[in-house]
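Engineer: Pasting target.json below, which is JSON, C-alpha atoms.
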```
[["chain", "number", "residue", "atom", "x", "y", "z"],
["A", 1, "MET", "CA", -79.00, -14.49, 50.53],
["A", 2, "ARG", "CA", -78.01, -10.83, 50.20],
["A", 3, "HIS", "CA", -78.89, -8.72, 47.24],
["A", 4, "PRO", "CA", -75.70, -8.06, 45.16],
["A", 5, "LYS", "CA", -76.36, -4.31, 44.84],
["A", 6, "TYR", "CA", -76.87, -4.01, 48.60],
["A", 7, "SER", "CA", -73.59, -5.80, 49.36],
["A", 8, "HIS", "CA", -71.71, -3.58, 46.92],
["A", 9, "ALA", "CA", -73.22, -0.41, 48.40],
["A", 10, "VAL", "CA", -72.35, -1.53, 51.94],
["A", 11, "GLY", "CA", -68.79, -2.27, 50.87],
["A", 12, "ARG", "CA", -68.38, 1.15, 49.27],
["A", 13, "ALA", "CA", -69.86, 2.90, 52.29],
["A", 14, "THR", "CA", -67.55, 0.97, 54.61],
["A", 15, "CYS", "CA", -64.52, 1.96, 52.52],
["A", 16, "LEU", "CA", -65.62, 5.58, 52.48],
["A", 17, "VAL", "CA", -66.13, 5.66, 56.26],
["A", 18, "ALA", "CA", -62.78, 3.94, 56.81],
["A", 19, "GLY", "CA", -61.04, 6.45, 54.53],
["A", 20, "VAL", "CA", -62.57, 9.45, 56.25],
["A", 21, "LEU", "CA", -61.75, 7.98, 59.67],
["A", 22, "ALA", "CA", -58.13, 7.43, 58.59],
["A", 23, "LEU", "CA", -57.84, 11.06, 57.45],
["A", 24, "VAL", "CA", -59.33, 12.33, 60.71],
["A", 25, "LEU", "CA", -57.01, 10.17, 62.81],
["A", 26, "CYS", "CA", -53.97, 11.27, 60.79],
["A", 27, "ALA", "CA", -54.95, 14.91, 61.18],
["A", 28, "ALA", "CA", -55.49, 14.51, 64.92],
["A", 29, "ALA", "CA", -52.18, 12.72, 65.36],
["A", 30, "ARG", "CA", -50.30, 15.37, 63.42],
["A", 31, "GLY", "CA", -52.12, 18.28, 65.06],
["A", 32, "SER", "CA", -51.55, 20.72, 62.24],
["A", 33, "TRP", "CA", -53.32, 22.15, 59.24],
["A", 34, "PRO", "CA", -54.08, 20.86, 56.68],
["A", 35, "ALA", "CA", -54.28, 17.11, 57.07],
["A", 36, "GLY", "CA", -52.42, 14.87, 54.69],
["A", 37, "VAL", "CA", -49.62, 17.21, 53.65],
["A", 38, "PRO", "CA", -46.49, 15.12, 52.99],
["A", 39, "GLU", "CA", -43.52, 15.98, 55.19],
["A", 40, "SER", "CA", -41.51, 16.87, 52.08],
["A", 41, "TYR", "CA", -43.96, 19.72, 51.40],
["A", 42, "CYS", "CA", -44.00, 20.88, 55.02],
["A", 43, "ARG", "CA", -40.26, 21.56, 54.72],
["A", 44, "LYS", "CA", -40.48, 23.53, 51.46],
["A", 45, "VAL", "CA", -39.28, 27.12, 51.75],
["A", 46, "ASN", "CA", -40.77, 29.98, 49.72],
["A", 47, "PRO", "CA", -38.02, 31.33, 47.45],
["A", 48, "TYR", "CA", -39.89, 34.68, 47.30],
["A", 49, "ALA", "CA", -40.56, 35.16, 51.02],
["A", 50, "GLY", "CA", -40.24, 38.78, 52.09],
["A", 51, "GLN", "CA", -39.38, 40.13, 48.62],
["A", 52, "PRO", "CA", -41.39, 43.33, 47.99],
["A", 53, "GLU", "CA", -41.70, 42.73, 44.22],
["A", 54, "ALA", "CA", -42.94, 39.18, 44.77],
["A", 55, "ILE", "CA", -45.41, 40.33, 47.43],
["A", 56, "ALA", "CA", -46.82, 42.96, 45.05],
["A", 57, "ALA", "CA", -47.07, 40.39, 42.25],
["A", 58, "GLY", "CA", -48.71, 37.96, 44.68],
["A", 59, "GLY", "CA", -51.25, 40.65, 45.58],
["A", 60, "ARG", "CA", -52.21, 41.05, 41.94],
["A", 61, "LEU", "CA", -52.47, 37.28, 41.52],
["A", 62, "PHE", "CA", -54.55, 37.04, 44.70],
["A", 63, "ALA", "CA", -56.93, 39.68, 43.31],
["A", 64, "ASP", "CA", -57.22, 37.71, 40.05],
["A", 65, "HIS", "CA", -57.53, 34.18, 41.44],
["A", 66, "CYS", "CA", -58.40, 34.17, 45.14],
["A", 67, "ALA", "CA", -60.34, 37.29, 46.14],
["A", 68, "GLN", "CA", -63.56, 36.10, 44.53],
["A", 69, "CYS", "CA", -63.91, 33.43, 47.22],
["A", 70, "HIS", "CA", -61.71, 34.69, 50.06],
["A", 71, "GLN", "CA", -62.65, 38.39, 49.65],
["A", 72, "PRO", "CA", -60.26, 41.21, 48.66],
["A", 73, "ASP", "CA", -59.11, 41.58, 52.29],
["A", 74, "ALA", "CA", -58.48, 37.79, 52.57],
["A", 75, "LEU", "CA", -60.78, 37.64, 55.60],
["A", 76, "GLY", "CA", -63.18, 35.23, 53.92],
["A", 77, "LYS", "CA", -66.93, 35.20, 54.26],
["A", 78, "GLY", "CA", -69.43, 32.54, 55.18],
["A", 79, "LYS", "CA", -67.98, 29.12, 54.41],
["A", 80, "ARG", "CA", -64.95, 30.67, 52.70],
["A", 81, "PRO", "CA", -62.21, 30.77, 55.33],
["A", 82, "SER", "CA", -60.08, 33.71, 56.30],
["A", 83, "LEU", "CA", -56.57, 33.38, 54.96],
["A", 84, "ARG", "CA", -55.44, 35.74, 57.72],
["A", 85, "SER", "CA", -56.41, 33.33, 60.51],
["A", 86, "HIS", "CA", -53.79, 32.14, 62.97],
["A", 87, "LEU", "CA", -54.13, 28.67, 61.50],
["A", 88, "VAL", "CA", -53.32, 29.71, 57.94],
["A", 89, "GLN", "CA", -50.74, 32.34, 58.86],
["A", 90, "HIS", "CA", -48.82, 29.83, 60.97],
["A", 91, "ALA", "CA", -48.97, 27.03, 58.40],
["A", 92, "THR", "CA", -45.64, 26.48, 56.70],
["A", 93, "ASP", "CA", -45.20, 27.94, 53.24],
["A", 94, "GLY", "CA", -44.93, 24.38, 51.96],
["A", 95, "GLU", "CA", -48.27, 23.40, 53.51],
["A", 96, "ILE", "CA", -49.98, 26.32, 51.79],
["A", 97, "PHE", "CA", -48.18, 25.48, 48.54],
["A", 98, "TRP", "CA", -49.52, 21.91, 48.80],
["A", 99, "VAL", "CA", -53.08, 23.21, 49.27],
["A", 100, "LEU", "CA", -52.75, 25.49, 46.24],
["A", 101, "ARG", "CA", -51.37, 22.59, 44.20],
["A", 102, "ASN", "CA", -53.89, 19.95, 45.32],
["A", 103, "GLY", "CA", -56.90, 21.86, 46.62],
["A", 104, "ILE", "CA", -59.23, 20.65, 49.35],
["A", 105, "LEU", "CA", -62.20, 19.68, 47.26],
["A", 106, "ALA", "CA", -64.28, 18.51, 50.22],
["A", 107, "HIS", "CA", -64.25, 22.12, 51.43],
["A", 108, "GLY", "CA", -64.69, 23.74, 48.03],
["A", 109, "MET", "CA", -61.03, 24.69, 47.52],
["A", 110, "PRO", "CA", -60.03, 23.87, 43.94],
["A", 111, "SER", "CA", -56.56, 22.92, 42.82],
["A", 112, "TRP", "CA", -54.56, 25.81, 41.38],
["A", 113, "SER", "CA", -51.91, 23.54, 39.86],
["A", 114, "MET", "CA", -52.42, 25.25, 36.49],
["A", 115, "VAL", "CA", -51.04, 28.47, 37.99],
["A", 116, "PRO", "CA", -47.26, 28.41, 37.47],
["A", 117, "GLU", "CA", -45.23, 27.40, 40.52],
["A", 118, "PRO", "CA", -43.47, 30.80, 40.88],
["A", 119, "SER", "CA", -46.86, 32.53, 40.88],
["A", 120, "ARG", "CA", -48.14, 30.23, 43.63],
["A", 121, "TRP", "CA", -45.09, 31.10, 45.74],
["A", 122, "GLN", "CA", -45.78, 34.82, 45.13],
["A", 123, "ILE", "CA", -49.37, 34.39, 46.34],
["A", 124, "ILE", "CA", -48.03, 32.74, 49.49],
["A", 125, "ALA", "CA", -45.55, 35.60, 50.02],
["A", 126, "TYR", "CA", -48.46, 38.03, 49.73],
["A", 127, "LEU", "CA", -50.68, 36.09, 52.15],
["A", 128, "LYS", "CA", -47.91, 35.87, 54.72],
["A", 129, "SER", "CA", -47.29, 39.62, 54.39],
["A", 130, "LEU", "CA", -50.87, 40.29, 55.53],
["A", 131, "GLY", "CA", -50.33, 38.79, 58.96],
["A", 132, "SER", "CA", -52.77, 37.13, 61.31],
["A", 133, "THR", "CA", -56.04, 38.75, 62.30],
["A", 134, "ASP", "CA", -57.92, 36.01, 64.16],
["A", 135, "ASP", "CA", -60.52, 38.34, 65.58],
["A", 136, "ALA", "CA", -60.78, 40.60, 62.56],
["A", 137, "VAL", "CA", -64.03, 41.11, 60.76],
["A", 138, "PRO", "CA", -64.32, 42.08, 57.10],
["A", 139, "ALA", "CA", -63.60, 45.75, 56.40],
["A", 140, "ALA", "CA", -67.20, 46.38, 55.36],
["A", 141, "ALA", "CA", -68.29, 45.76, 58.95],
["A", 142, "ASP", "CA", -65.29, 47.20, 60.75],
["A", 143, "THR", "CA", -63.06, 49.90, 59.29],
["A", 144, "ARG", "CA", -60.35, 49.46, 61.91],
["A", 145, "SER", "CA", -57.43, 47.73, 60.24],
["A", 146, "THR", "CA", -55.01, 45.45, 62.04],
["A", 147, "SER", "CA", -52.57, 45.38, 59.15],
["A", 148, "SER", "CA", -50.80, 48.04, 57.18],
["A", 149, "HIS", "CA", -51.28, 45.97, 54.01],
["A", 150, "SER", "CA", -54.24, 46.12, 51.73],
["A", 151, "PRO", "CA", -54.74, 43.94, 48.67],
["A", 152, "VAL", "CA", -52.84, 45.14, 45.63],
["A", 153, "PRO", "CA", -55.31, 45.82, 42.81],
["A", 154, "ALA", "CA", -54.94, 43.88, 39.60],
["A", 155, "GLN", "CA", -52.98, 45.63, 36.89],
["A", 156, "GLY", "CA", -55.11, 48.01, 34.87],
["A", 157, "THR", "CA", -57.61, 48.62, 37.68],
["A", 158, "ARG", "CA", -57.96, 51.44, 40.11],
["A", 159, "PRO", "CA", -57.92, 50.94, 43.89]]
```
Is it possible to give me this structure as structure tokens?
Structural biologist:
Amino acid sequence: MRHPKYSHAVGRATCLVAGVLALVLCAAARGSWPAGVPESYCRKVNPYAGQPEAIAAGGRLFADHCAQCHQPDALGKGKRPSLRSHLVQHATDGEIFWVLRNGILAHGMPSWSMVPEPSRWQIIAYLKSLGSTDDAVPAAADTRSTSSHSPVPAQGTRP
């Protein structure tokens, strides 16, 4: 006879492994980043895309909410990913919006659903304005810039 606690633990572990395997298979089948984004989000269009005022506002919001983890230049550091990578820069605006709304807790990315929706779209407009720099290194190590944009300082601060 099996011990009841052992059976319960095995059942939970099996469910966990099955869930992770399902996510991995879905991600592999879809072939895009991030896994699990509903198609309805993938098709969302940023209402602020390309608008200079929204990009500037997004830069200030990025400095307030995102730069602490992703660095002021959005190149990331350590386990914090670059938001200027080809993968992120070529994600749809809706995919990025979904990540901001839901987070990716397994990778340390919190949900930013408490940030108003228009502000999240402005952050996305800012990120997309930075462009892709797959081979870039943080500015502290390499002063050559591959983008004409630099993060917009938060209001009331000096660059």
Engineer: When you count all atoms listed in the file, which of these residues is closest to Ile96 of chain A: A:His70, A:His65, A:Arg80, A:Arg43?
Structural biologist: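 Going through A:His70, A:His65, A:Arg80, A:Arg43 one by one, the smallest distance to Ile96 of chain A is for A:Arg43.
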Engineer: Could you state the separation of atom CA of Gln51 of chain A and atom CA of Leu75 of chain A in Å, given to one decimal place?
Structural biologist: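 These atoms are spaced 22.6 Å apart.
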Engineer: Figure out the distance between atom CA of Ala49 of chain A and atom CA of Ala91 of chain A, please, to one decimal in Å.
Structural biologist: 13.8 Å
Engineer: Calculate how many Å separate atom CA of Leu87 of chain A from atom CA of Glu53 of chain A, rounding to one decimal.
Structural biologist: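 Atom CA of Leu87 of chain A sits 25.5 Å away from atom CA of Glu53 of chain A.
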Engineer: Hey, could you make a per-residue contact list for segment 17-112 of chain A against segment 121-132 of chain A with 12 Å as the cut-off, showing the nearest pair of atoms and its distance in Å to one decimal, counting only C-alpha atoms, sorted by chain and number, as JSON lines?
Structural biologist:
```
{"residue": "A:Lys44", "atom": "CA", "partner": "A:Trp121", "partner_atom": "CA", "distance": 10.5}
{"residue": "A:Val45", "atom": "CA", "partner": "A:Trp121", "partner_atom": "CA", "distance": 9.3}
{"residue": "A:Asn46", "atom": "CA", "partner": "A:Trp121", "partner_atom": "CA", "distance": 6.0}
{"residue": "A:Pro47", "atom": "CA", "partner": "A:Trp121", "partner_atom": "CA", "distance": 7.3}
{"residue": "A:Tyr48", "atom": "CA", "partner": "A:Gln122", "partner_atom": "CA", "distance": 6.3}
{"residue": "A:Ala49", "atom": "CA", "partner": "A:Ala125", "partner_atom": "CA", "distance": 5.1}
{"residue": "A:Gly50", "atom": "CA", "partner": "A:Ala125", "partner_atom": "CA", "distance": 6.5}
{"residue": "A:Gln51", "atom": "CA", "partner": "A:Ala125", "partner_atom": "CA", "distance": 7.8}
{"residue": "A:Pro52", "atom": "CA", "partner": "A:Tyr126", "partner_atom": "CA", "distance": 9.0}
{"residue": "A:Glu53", "atom": "CA", "partner": "A:Gln122", "partner_atom": "CA", "distance": 8.9}
{"residue": "A:Ala54", "atom": "CA", "partner": "A:Gln122", "partner_atom": "CA", "distance": 5.2}
{"residue": "A:Ile55", "atom": "CA", "partner": "A:Tyr126", "partner_atom": "CA", "distance": 4.5}
{"residue": "A:Ala56", "atom": "CA", "partner": "A:Tyr126", "partner_atom": "CA", "distance": 7.0}
{"residue": "A:Ala57", "atom": "CA", "partner": "A:Gln122", "partner_atom": "CA", "distance": 6.4}
{"residue": "A:Gly58", "atom": "CA", "partner": "A:Ile123", "partner_atom": "CA", "distance": 4.0}
{"residue": "A:Gly59", "atom": "CA", "partner": "A:Tyr126", "partner_atom": "CA", "distance": 5.6}
{"residue": "A:Arg60", "atom": "CA", "partner": "A:Ile123", "partner_atom": "CA", "distance": 8.5}
{"residue": "A:Leu61", "atom": "CA", "partner": "A:Ile123", "partner_atom": "CA", "distance": 6.4}
{"residue": "A:Phe62", "atom": "CA", "partner": "A:Ile123", "partner_atom": "CA", "distance": 6.0}
{"residue": "A:Ala63", "atom": "CA", "partner": "A:Ile123", "partner_atom": "CA", "distance": 9.7}
{"residue": "A:Asp64", "atom": "CA", "partner": "A:Ile123", "partner_atom": "CA", "distance": 10.6}
{"residue": "A:His65", "atom": "CA", "partner": "A:Ile123", "partner_atom": "CA", "distance": 9.5}
{"residue": "A:Cys66", "atom": "CA", "partner": "A:Ile123", "partner_atom": "CA", "distance": 9.1}
{"residue": "A:Ala67", "atom": "CA", "partner": "A:Ile123", "partner_atom": "CA", "distance": 11.3}
{"residue": "A:His70", "atom": "CA", "partner": "A:Leu127", "partner_atom": "CA", "distance": 11.3}
{"residue": "A:Pro72", "atom": "CA", "partner": "A:Leu127", "partner_atom": "CA", "distance": 11.4}
{"residue": "A:Asp73", "atom": "CA", "partner": "A:Leu130", "partner_atom": "CA", "distance": 8.9}
{"residue": "A:Ala74", "atom": "CA", "partner": "A:Leu127", "partner_atom": "CA", "distance": 8.0}
{"residue": "A:Leu75", "atom": "CA", "partner": "A:Ser132", "partner_atom": "CA", "distance": 9.9}
{"residue": "A:Ser82", "atom": "CA", "partner": "A:Ser132", "partner_atom": "CA", "distance": 9.5}
{"residue": "A:Leu83", "atom": "CA", "partner": "A:Leu127", "partner_atom": "CA", "distance": 7.1}
{"residue": "A:Arg84", "atom": "CA", "partner": "A:Ser132", "partner_atom": "CA", "distance": 4.7}
{"residue": "A:Ser85", "atom": "CA", "partner": "A:Ser132", "partner_atom": "CA", "distance": 5.3}
{"residue": "A:His86", "atom": "CA", "partner": "A:Ser132", "partner_atom": "CA", "distance": 5.4}
{"residue": "A:Leu87", "atom": "CA", "partner": "A:Ser132", "partner_atom": "CA", "distance": 8.6}
{"residue": "A:Val88", "atom": "CA", "partner": "A:Ser132", "partner_atom": "CA", "distance": 8.2}
{"residue": "A:Gln89", "atom": "CA", "partner": "A:Ser132", "partner_atom": "CA", "distance": 5.8}
{"residue": "A:His90", "atom": "CA", "partner": "A:Ser132", "partner_atom": "CA", "distance": 8.3}
{"residue": "A:Ala91", "atom": "CA", "partner": "A:Lys128", "partner_atom": "CA", "distance": 9.6}
{"residue": "A:Thr92", "atom": "CA", "partner": "A:Ile124", "partner_atom": "CA", "distance": 9.8}
{"residue": "A:Asp93", "atom": "CA", "partner": "A:Ile124", "partner_atom": "CA", "distance": 6.7}
{"residue": "A:Gly94", "atom": "CA", "partner": "A:Trp121", "partner_atom": "CA", "distance": 9.2}
{"residue": "A:Glu95", "atom": "CA", "partner": "A:Ile124", "partner_atom": "CA", "distance": 10.2}
{"residue": "A:Ile96", "atom": "CA", "partner": "A:Ile124", "partner_atom": "CA", "distance": 7.1}
{"residue": "A:Phe97", "atom": "CA", "partner": "A:Trp121", "partner_atom": "CA", "distance": 7.0}
{"residue": "A:Trp98", "atom": "CA", "partner": "A:Trp121", "partner_atom": "CA", "distance": 10.7}
{"residue": "A:Val99", "atom": "CA", "partner": "A:Ile124", "partner_atom": "CA", "distance": 10.8}
{"residue": "A:Leu100", "atom": "CA", "partner": "A:Ile124", "partner_atom": "CA", "distance": 9.2}
{"residue": "A:Arg101", "atom": "CA", "partner": "A:Trp121", "partner_atom": "CA", "distance": 10.7}
{"residue": "A:Trp112", "atom": "CA", "partner": "A:Ile123", "partner_atom": "CA", "distance": 11.2}
```
Engineer: Between A:Gln68, A:Met114, A:Gly78, A:Asn102, which has the minimum distance to Tyr41 of chain A (counting only C-alpha atoms)?
Structural biologist: A:Asn102
Engineer: Kindly list the centre and edge lengths in Å, rounded to one decimal, for the axis-aligned box that covers all listed atoms of segment 66-70 of chain A plus 8 Å on each of its six sides, as JSON.
Structural biologist:
```
{"center_x": -61.2, "center_y": 35.4, "center_z": 47.3, "size_x": 21.5, "size_y": 19.9, "size_z": 21.5}
```
